[in-house]
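Asks: Once you've had a glance at the structure underneath, I'll fire off some questions.
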Amino acid sequence: MSDINILWVDDEIDLLKPHILFLEKKGYKVTKCTNGADAIDMCNEHNYDIVFLDENMPGLTGLETLTEIKSKQSNLPIVMITKSEEEYIMEEAIGNKIADYLIKPVNPNQILLSLKKNLDHSRLISEKTTLNYQQEFRKIAMDLAMVNSYEEWAAIYKKLIYWELELENISDTGMVEILESQKQEANSLFFKFIKKNYEDWINDDEDAPVMSHNLFKKLIIPEVLKANGTLLVVLDNLRYDQYNIIEKTIAKYYKKQEETAYCSILPTATQYARNAIFSGLMPLEMAQKKPDLWKDDVDEDGKNLFEEEFLQAQLKQHLRQDIKFSYHKITSLKNGKQLADNFNTLKENDLTVIVYNFVDMLSHSKTEMEVIKELASDDKAYRSLTNSWFMNSPLLEMIQKAQNLGLKLIITTDHGTINVKNPTKVIGDKNISANLRYKTGRSLTYEEKDVYAVKNPKDIKLPAIHMSSSFIFAKEDLFFAYPNNFNHFVKYYKNTYQHGGISLEEMIIPFAVFEPK
């Protein structure tokens, strides 16, 4: 405590000798001052950790002194002490961003409490957070040993995200490492759970969660029918932790009514998962029923060019009456600004759908651009970058306008993404698909323990490129690498954000319904 320097400014400082002795016995160093002018000079010449400032002094008042000190050292905590309880003094002091406000006569314990609140605040929070997670760690570990349903997995994943966000602001790196190891264990067990249950889910098991292909039917259409206008935003590639961060900004304009963690289909990739959302069909059904709209992995054209057509057919199938809807895909800042500027023209729609591609572009940019690798070096930075974009984006402007129009808001995504850390070798013919988290093609050779292999794609309602094609999905944080040029491949893709495989981050994804405030 001896490195804490306090400046105490009071024209009757000698009367405060017992308080000062009390603090010095606690290990604080206290410098005395009797007037505002000297206090300003002393703050300019020395580094104090905190200032106790009497409001009622001859010469410069406490408020005048406060203003002058803050103009030079805006981050220096200043505690105002006054005999007066007049409201205007309190408002002035608070307006000048005081750290605390004490009414005379003050006792030593009040002073000590104010010091702890202002100087030990982050340490105390850190210690409390660490202790709470240590207790929760044991509970999560027990839950992991017994988890047996998708709903239980979603609850565990949300807990892990909660603690990840809590621990990111503390200085105890040991706790963060423990959480990371617990997330790795959870992903390892989740992979086994998916491998065991996924085929049954896809073939209409009654225990199956809501998934991409029935999201509209089960969750979106009922909400649209209850509302006088709905804005549906599909933020491509949005993980649950990123959603939790941007939700804080959305909460300024909207009140959350419902939140569901639904499950992305495999592969957790845009052409499969997002097409499944808009068509209401599994990829095999799309290829069979809408062959002109479905594109396979090896096709050269864009893979998500017909979402509006898919959606129109699905709405016609599930709704008795026609509804007025429009579909908008935003892939650039210019597109976003144009739609934001013209948003009020959509007010007569029953449903406005916006597919926003920024987060997906961000993850691809991290692979290809050094500057993004620096800005999004880990999950914490990736969240921060996503939040910074959202708070300054045309999308937020659209959400604000939607609130003014009284529209219901639905936020969701097609799949998440994971920071890949470890390579696993794969070999296939020249037509093997390019994605790093799943592969489809003929003659695939791979490490059995590292993948969920599906020899017959029809078993999980996926189309086969060739008669003998199979699918493999990477587990946990693995990514596929070819043996030839292996080291270059690993160096280029390690610590990049990828999707298509099996992980909590990719498969357990948010669906949230909001009503305007």
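Identifiers for the structure tokens are assigned positionally: chains receive A, B, ... in sequence, residues are indexed from 1 per chain, and ligands are indexed from 1 in the order shown.
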Residues near Gln134 in chain A, anyone? I mean within 12 Å using only C-alpha atoms, not counting same-chain ones fewer than 4 positions away, as an mmCIF file with all heavy atoms, in the first residue's frame.

Replies:
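Result file is part-v7.cif:
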data_model
loop_
_atom_site.group_PDB
_atom_site.id
_atom_site.type_symbol
_atom_site.label_atom_id
_atom_site.label_comp_id
_atom_site.auth_asym_id
_atom_site.auth_seq_id
_atom_site.Cartn_x
_atom_site.Cartn_y
_atom_site.Cartn_z
ATOM 1 N N GLU A 127 -10.249 -10.213 -7.935
ATOM 2 C CA GLU A 127 -10.217 -11.277 -6.928
ATOM 3 C C GLU A 127 -11.578 -11.962 -6.804
ATOM 4 O O GLU A 127 -11.673 -13.184 -6.710
ATOM 5 C CB GLU A 127 -9.789 -10.708 -5.580
ATOM 6 C CG GLU A 127 -8.308 -10.328 -5.534
ATOM 7 C CD GLU A 127 -7.931 -9.652 -4.220
ATOM 8 O OE1 GLU A 127 -8.825 -9.452 -3.375
ATOM 9 O OE2 GLU A 127 -6.740 -9.322 -4.061
ATOM 10 N N LYS A 128 -12.650 -11.153 -6.802
ATOM 11 C CA LYS A 128 -14.006 -11.692 -6.683
ATOM 12 C C LYS A 128 -14.357 -12.547 -7.901
ATOM 13 O O LYS A 128 -14.915 -13.647 -7.769
ATOM 14 C CB LYS A 128 -14.999 -10.533 -6.546
ATOM 15 C CG LYS A 128 -16.459 -10.941 -6.452
ATOM 16 C CD LYS A 128 -16.794 -11.544 -5.117
ATOM 17 C CE LYS A 128 -18.300 -11.743 -4.981
ATOM 18 N NZ LYS A 128 -18.655 -12.689 -3.921
ATOM 19 N N THR A 129 -14.017 -12.053 -9.090
ATOM 20 C CA THR A 129 -14.304 -12.794 -10.323
ATOM 21 C C THR A 129 -13.554 -14.114 -10.334
ATOM 22 O O THR A 129 -14.114 -15.157 -10.678
ATOM 23 C CB THR A 129 -13.906 -11.952 -11.553
ATOM 24 O OG1 THR A 129 -14.618 -10.716 -11.515
ATOM 25 C CG2 THR A 129 -14.229 -12.668 -12.844
ATOM 26 N N THR A 130 -12.269 -14.066 -9.954
ATOM 27 C CA THR A 130 -11.450 -15.277 -9.917
ATOM 28 C C THR A 130 -12.042 -16.300 -8.949
ATOM 29 O O THR A 130 -12.165 -17.493 -9.272
ATOM 30 C CB THR A 130 -10.005 -14.933 -9.512
ATOM 31 O OG1 THR A 130 -9.459 -14.042 -10.484
ATOM 32 C CG2 THR A 130 -9.152 -16.176 -9.422
ATOM 33 N N ARG A 138 -15.761 -26.000 -10.899
ATOM 34 C CA ARG A 138 -16.097 -27.348 -10.424
ATOM 35 C C ARG A 138 -17.491 -27.765 -10.870
ATOM 36 O O ARG A 138 -17.719 -28.911 -11.246
ATOM 37 C CB ARG A 138 -15.972 -27.412 -8.899
ATOM 38 C CG ARG A 138 -14.527 -27.322 -8.411
ATOM 39 C CD ARG A 138 -14.415 -27.512 -6.911
ATOM 40 N NE ARG A 138 -14.764 -26.296 -6.176
ATOM 41 C CZ ARG A 138 -13.902 -25.318 -5.921
ATOM 42 N NH1 ARG A 138 -12.652 -25.411 -6.335
ATOM 43 N NH2 ARG A 138 -14.283 -24.252 -5.232
ATOM 44 N N LYS A 139 -18.403 -26.799 -10.851
ATOM 45 C CA LYS A 139 -19.780 -27.110 -11.272
ATOM 46 C C LYS A 139 -19.827 -27.413 -12.770
ATOM 47 O O LYS A 139 -20.480 -28.375 -13.202
ATOM 48 C CB LYS A 139 -20.712 -25.940 -10.947
ATOM 49 C CG LYS A 139 -22.173 -26.245 -11.191
ATOM 50 C CD LYS A 139 -23.071 -25.119 -10.715
ATOM 51 C CE LYS A 139 -24.537 -25.495 -10.826
ATOM 52 N NZ LYS A 139 -24.930 -26.071 -12.110
ATOM 53 N N ILE A 140 -19.130 -26.606 -13.569
ATOM 54 C CA ILE A 140 -19.097 -26.852 -15.015
ATOM 55 C C ILE A 140 -18.460 -28.215 -15.294
ATOM 56 O O ILE A 140 -18.929 -28.962 -16.161
ATOM 57 C CB ILE A 140 -18.341 -25.721 -15.753
ATOM 58 C CG1 ILE A 140 -19.121 -24.407 -15.654
ATOM 59 C CG2 ILE A 140 -18.113 -26.082 -17.223
ATOM 60 C CD1 ILE A 140 -18.359 -23.191 -16.185
ATOM 61 N N ALA A 141 -17.390 -28.534 -14.569
ATOM 62 C CA ALA A 141 -16.718 -29.833 -14.750
ATOM 63 C C ALA A 141 -17.687 -30.984 -14.481
ATOM 64 O O ALA A 141 -17.707 -31.983 -15.212
ATOM 65 C CB ALA A 141 -15.503 -29.927 -13.835
ATOM 66 N N TRP A 163 -18.132 -16.584 -18.542
ATOM 67 C CA TRP A 163 -16.890 -16.482 -17.766
ATOM 68 C C TRP A 163 -15.734 -15.974 -18.621
ATOM 69 O O TRP A 163 -14.853 -15.270 -18.136
ATOM 70 C CB TRP A 163 -16.559 -17.822 -17.119
ATOM 71 C CG TRP A 163 -17.457 -18.062 -15.949
ATOM 72 C CD1 TRP A 163 -18.465 -18.976 -15.852
ATOM 73 C CD2 TRP A 163 -17.480 -17.309 -14.733
ATOM 74 N NE1 TRP A 163 -19.113 -18.843 -14.649
ATOM 75 C CE2 TRP A 163 -18.532 -17.834 -13.944
ATOM 76 C CE3 TRP A 163 -16.731 -16.247 -14.238
ATOM 77 C CZ2 TRP A 163 -18.832 -17.323 -12.683
ATOM 78 C CZ3 TRP A 163 -17.026 -15.738 -12.979
ATOM 79 C CH2 TRP A 163 -18.063 -16.285 -12.212
ATOM 80 N N LEU A 167 -13.674 -12.839 -17.319
ATOM 81 C CA LEU A 167 -12.246 -12.974 -17.022
ATOM 82 C C LEU A 167 -11.356 -12.151 -17.943
ATOM 83 O O LEU A 167 -10.180 -11.935 -17.636
ATOM 84 C CB LEU A 167 -11.827 -14.453 -17.112
ATOM 85 C CG LEU A 167 -12.409 -15.387 -16.037
ATOM 86 C CD1 LEU A 167 -12.086 -16.837 -16.366
ATOM 87 C CD2 LEU A 167 -11.873 -15.036 -14.653
ATOM 88 N N GLY A 174 -3.619 -16.859 -15.309
ATOM 89 C CA GLY A 174 -3.763 -18.270 -14.945
ATOM 90 C C GLY A 174 -5.204 -18.732 -15.049
ATOM 91 O O GLY A 174 -5.497 -19.824 -15.547
ATOM 92 N N MET A 175 -6.128 -17.883 -14.582
ATOM 93 C CA MET A 175 -7.556 -18.220 -14.660
ATOM 94 C C MET A 175 -8.026 -18.313 -16.110
ATOM 95 O O MET A 175 -8.820 -19.182 -16.459
ATOM 96 C CB MET A 175 -8.387 -17.168 -13.923
ATOM 97 C CG MET A 175 -8.458 -17.349 -12.434
ATOM 98 S SD MET A 175 -9.341 -18.864 -11.968
ATOM 99 C CE MET A 175 -7.998 -19.811 -11.291
ATOM 100 N N VAL A 176 -7.533 -17.406 -16.946
ATOM 101 C CA VAL A 176 -7.907 -17.417 -18.368
ATOM 102 C C VAL A 176 -7.437 -18.715 -19.019
ATOM 103 O O VAL A 176 -8.158 -19.332 -19.813
ATOM 104 C CB VAL A 176 -7.304 -16.194 -19.098
ATOM 105 C CG1 VAL A 176 -7.586 -16.259 -20.593
ATOM 106 C CG2 VAL A 176 -7.865 -14.899 -18.502
ATOM 107 N N ILE A 178 -6.980 -21.577 -17.497
ATOM 108 C CA ILE A 178 -7.832 -22.665 -16.986
ATOM 109 C C ILE A 178 -9.149 -22.704 -17.755
ATOM 110 O O ILE A 178 -9.632 -23.776 -18.139
ATOM 111 C CB ILE A 178 -8.089 -22.489 -15.472
ATOM 112 C CG1 ILE A 178 -6.793 -22.757 -14.691
ATOM 113 C CG2 ILE A 178 -9.196 -23.420 -14.981
ATOM 114 C CD1 ILE A 178 -6.862 -22.373 -13.227
ATOM 115 N N LEU A 179 -9.726 -21.521 -17.992
ATOM 116 C CA LEU A 179 -10.968 -21.466 -18.767
ATOM 117 C C LEU A 179 -10.748 -22.016 -20.176
ATOM 118 O O LEU A 179 -11.583 -22.765 -20.694
ATOM 119 C CB LEU A 179 -11.486 -20.030 -18.843
ATOM 120 C CG LEU A 179 -12.742 -19.842 -19.713
ATOM 121 C CD1 LEU A 179 -13.944 -20.507 -19.075
ATOM 122 C CD2 LEU A 179 -13.028 -18.377 -19.960
ATOM 123 N N GLN A 182 -10.753 -25.641 -20.127
ATOM 124 C CA GLN A 182 -12.110 -26.163 -19.910
ATOM 125 C C GLN A 182 -12.927 -26.081 -21.212
ATOM 126 O O GLN A 182 -13.711 -26.988 -21.513
ATOM 127 C CB GLN A 182 -12.798 -25.398 -18.783
ATOM 128 C CG GLN A 182 -14.063 -26.097 -18.288
ATOM 129 C CD GLN A 182 -14.507 -25.613 -16.925
ATOM 130 O OE1 GLN A 182 -14.606 -24.410 -16.689
ATOM 131 N NE2 GLN A 182 -14.774 -26.539 -16.022
#

Asks: Please identify all polymer residues within 9 Å of Ile245 in chain A, counting only C-alpha atoms, omitting same-chain residues fewer than 3 positions from it, and present them as a list in words.

Replies: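 The residues that qualify are Tyr240, Asp241, Gln242, Lys248, Thr249, Arg383, Ser384, Thr386 and Asn387 of chain A.
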
Asks: Just N, CA, C and O atoms for this one: save the residues we selected as an mmCIF file, in the first residue's frame.

Replies:
data_model
loop_
_atom_site.group_PDB
_atom_site.id
_atom_site.type_symbol
_atom_site.label_atom_id
_atom_site.label_comp_id
_atom_site.auth_asym_id
_atom_site.auth_seq_id
_atom_site.Cartn_x
_atom_site.Cartn_y
_atom_site.Cartn_z
ATOM 1 N N TYR A 240 -21.618 -16.686 -30.723
ATOM 2 C CA TYR A 240 -22.449 -16.297 -29.581
ATOM 3 C C TYR A 240 -21.782 -15.206 -28.743
ATOM 4 O O TYR A 240 -22.448 -14.300 -28.234
ATOM 5 N N ASP A 241 -20.449 -15.267 -28.582
ATOM 6 C CA ASP A 241 -19.777 -14.245 -27.769
ATOM 7 C C ASP A 241 -19.849 -12.880 -28.453
ATOM 8 O O ASP A 241 -20.029 -11.851 -27.793
ATOM 9 N N GLN A 242 -19.759 -12.861 -29.777
ATOM 10 C CA GLN A 242 -19.892 -11.594 -30.507
ATOM 11 C C GLN A 242 -21.316 -11.044 -30.375
ATOM 12 O O GLN A 242 -21.511 -9.842 -30.195
ATOM 13 N N LYS A 248 -25.593 -5.550 -26.141
ATOM 14 C CA LYS A 248 -25.590 -4.437 -25.185
ATOM 15 C C LYS A 248 -25.966 -3.124 -25.874
ATOM 16 O O LYS A 248 -26.618 -2.269 -25.276
ATOM 17 N N THR A 249 -25.540 -2.965 -27.126
ATOM 18 C CA THR A 249 -25.894 -1.757 -27.877
ATOM 19 C C THR A 249 -27.348 -1.833 -28.353
ATOM 20 O O THR A 249 -28.084 -0.838 -28.276
ATOM 21 N N ARG A 383 -13.773 -10.014 -30.851
ATOM 22 C CA ARG A 383 -15.034 -9.463 -30.320
ATOM 23 C C ARG A 383 -15.014 -7.939 -30.345
ATOM 24 O O ARG A 383 -15.983 -7.293 -30.733
ATOM 25 N N SER A 384 -13.910 -7.370 -29.907
ATOM 26 C CA SER A 384 -13.785 -5.922 -29.832
ATOM 27 C C SER A 384 -13.911 -5.287 -31.213
ATOM 28 O O SER A 384 -14.583 -4.265 -31.392
ATOM 29 N N THR A 386 -15.431 -6.585 -33.836
ATOM 30 C CA THR A 386 -16.831 -6.749 -34.268
ATOM 31 C C THR A 386 -17.704 -5.669 -33.648
ATOM 32 O O THR A 386 -18.545 -5.055 -34.321
ATOM 33 N N ASN A 387 -17.503 -5.424 -32.352
ATOM 34 C CA ASN A 387 -18.316 -4.432 -31.648
ATOM 35 C C ASN A 387 -18.050 -3.022 -32.183
ATOM 36 O O ASN A 387 -18.977 -2.227 -32.374
#

Asks: As a list of chain:residue names, please: the residues near Glu309 in chain A (cut-off 10 Å, only C-alpha atoms, same-chain neighbours under 5 positions excluded).

Replies: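 Listing them by chain and then by number gives A:Phe278, A:Ser279, A:Leu293, A:Gln314, A:Tyr327.
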
Asks: From the set A:Ile111, A:Met211, A:Ile399, A:Ala464, which residue has the shortest atom-to-atom contact distance to Pro510 in chain A, counting only C-alpha atoms?

Replies: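 Going through A:Ile111, A:Met211, A:Ile399, A:Ala464 one by one, the smallest distance to Pro510 in chain A is for A:Met211.
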
Asks: Using only C-alpha atoms, which residues sit within 10 Å of Glu307 in chain A once same-chain residues fewer than 4 positions away are excluded, as a list in words?

Replies: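 Contacts, in chain order: Gln271, Arg274, Asn275, Ala276, Ile277, Phe278, Ser279, Leu293, Lys303, Leu311, Gln312, Ala313, Tyr327, His328, Lys329 and Val355 of chain A.
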
Asks: What is the CA of Gln498 in chain A-CA of Phe479 in chain A distance in Å, reported with one decimal?

Replies: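 Value for the CA of Gln498 in chain A-CA of Phe479 in chain A distance: 8.2 Å.
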
Asks: Grab the CA of Tyr243 in chain A to CA of Gly416 in chain A distance for me, in Å with one decimal place.

Replies: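 Interatomic distance, CA of Tyr243 in chain A to CA of Gly416 in chain A: 10.3 Å.
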
Asks: Out of A:Lys116, A:Lys324, A:Lys316, A:Lys252, which residue has the shortest atom-to-atom distance to Gly229 in chain A when counting only C-alpha atoms?

Replies: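 With only C-alpha atoms as the atom set, the closest residue is A:Lys324.
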
Asks: Which of these, A:Gly441, A:Pro457, A:Pro463, A:Gly406, has the shortest distance to Trp294 in chain A once you count only C-alpha atoms?

Replies: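 Once distances to Trp294 in chain A are computed over only C-alpha atoms, the minimum belongs to A:Pro463.
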
Asks: Mind pulling up the distance from CA of Phe343 in chain A to CA of Ile250 in chain A?

Replies: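 Between these atoms lies a distance of 17.5 Å.
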
Asks: If you run DSSP on the backbone, which residues of range 203-415 of chain A are strand (DSSP E), as a ChimeraX atom specification?

Replies: /A:230-235,254-263,325-330,351-356,408-412

Asks: List as a PyMOL selection string the protein and nucleic acid residues near Lys192 in chain A, meaning an atom at most 12 Å away when only C-alpha atoms are counted, but skip any in the same chain fewer than 3 places from it.

Replies: chain A and resi 147-148+185-189+195-198+449-452+474-476+502-504

Asks: I'd like to know which of A:Val9, A:Leu407, A:Lys17, A:Leu444 is closest to Lys226 in chain A, using only C-alpha atoms.

Replies: A:Leu407

Asks: Quick one: residues within 8 Å of Phe358 in chain A, only C-alpha atoms counted, chain neighbours fewer than 4 positions away excluded, as a list of chain:residue names?

Replies: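 In the requested form, the answer reads A:Leu235, A:Asp236, A:Thr331, A:Ser332, A:Leu362.
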
Asks: Step one, run DSSP on the backbone; step two, keep only residues of range 261-338 of chain A assigned to alpha helix (DSSP H); then write them as an NGL selection string.

Replies: :A and (270-279 or 283-289 or 307-318 or 333-338)

Asks: Looking at A:Asn203, A:Asn107, A:Asn5, A:Asn495, which one is nearest to Glu24 in chain A, with distances taken over only C-alpha atoms?

Replies: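 For Glu24 in chain A, the nearest of the candidates is A:Asn5.
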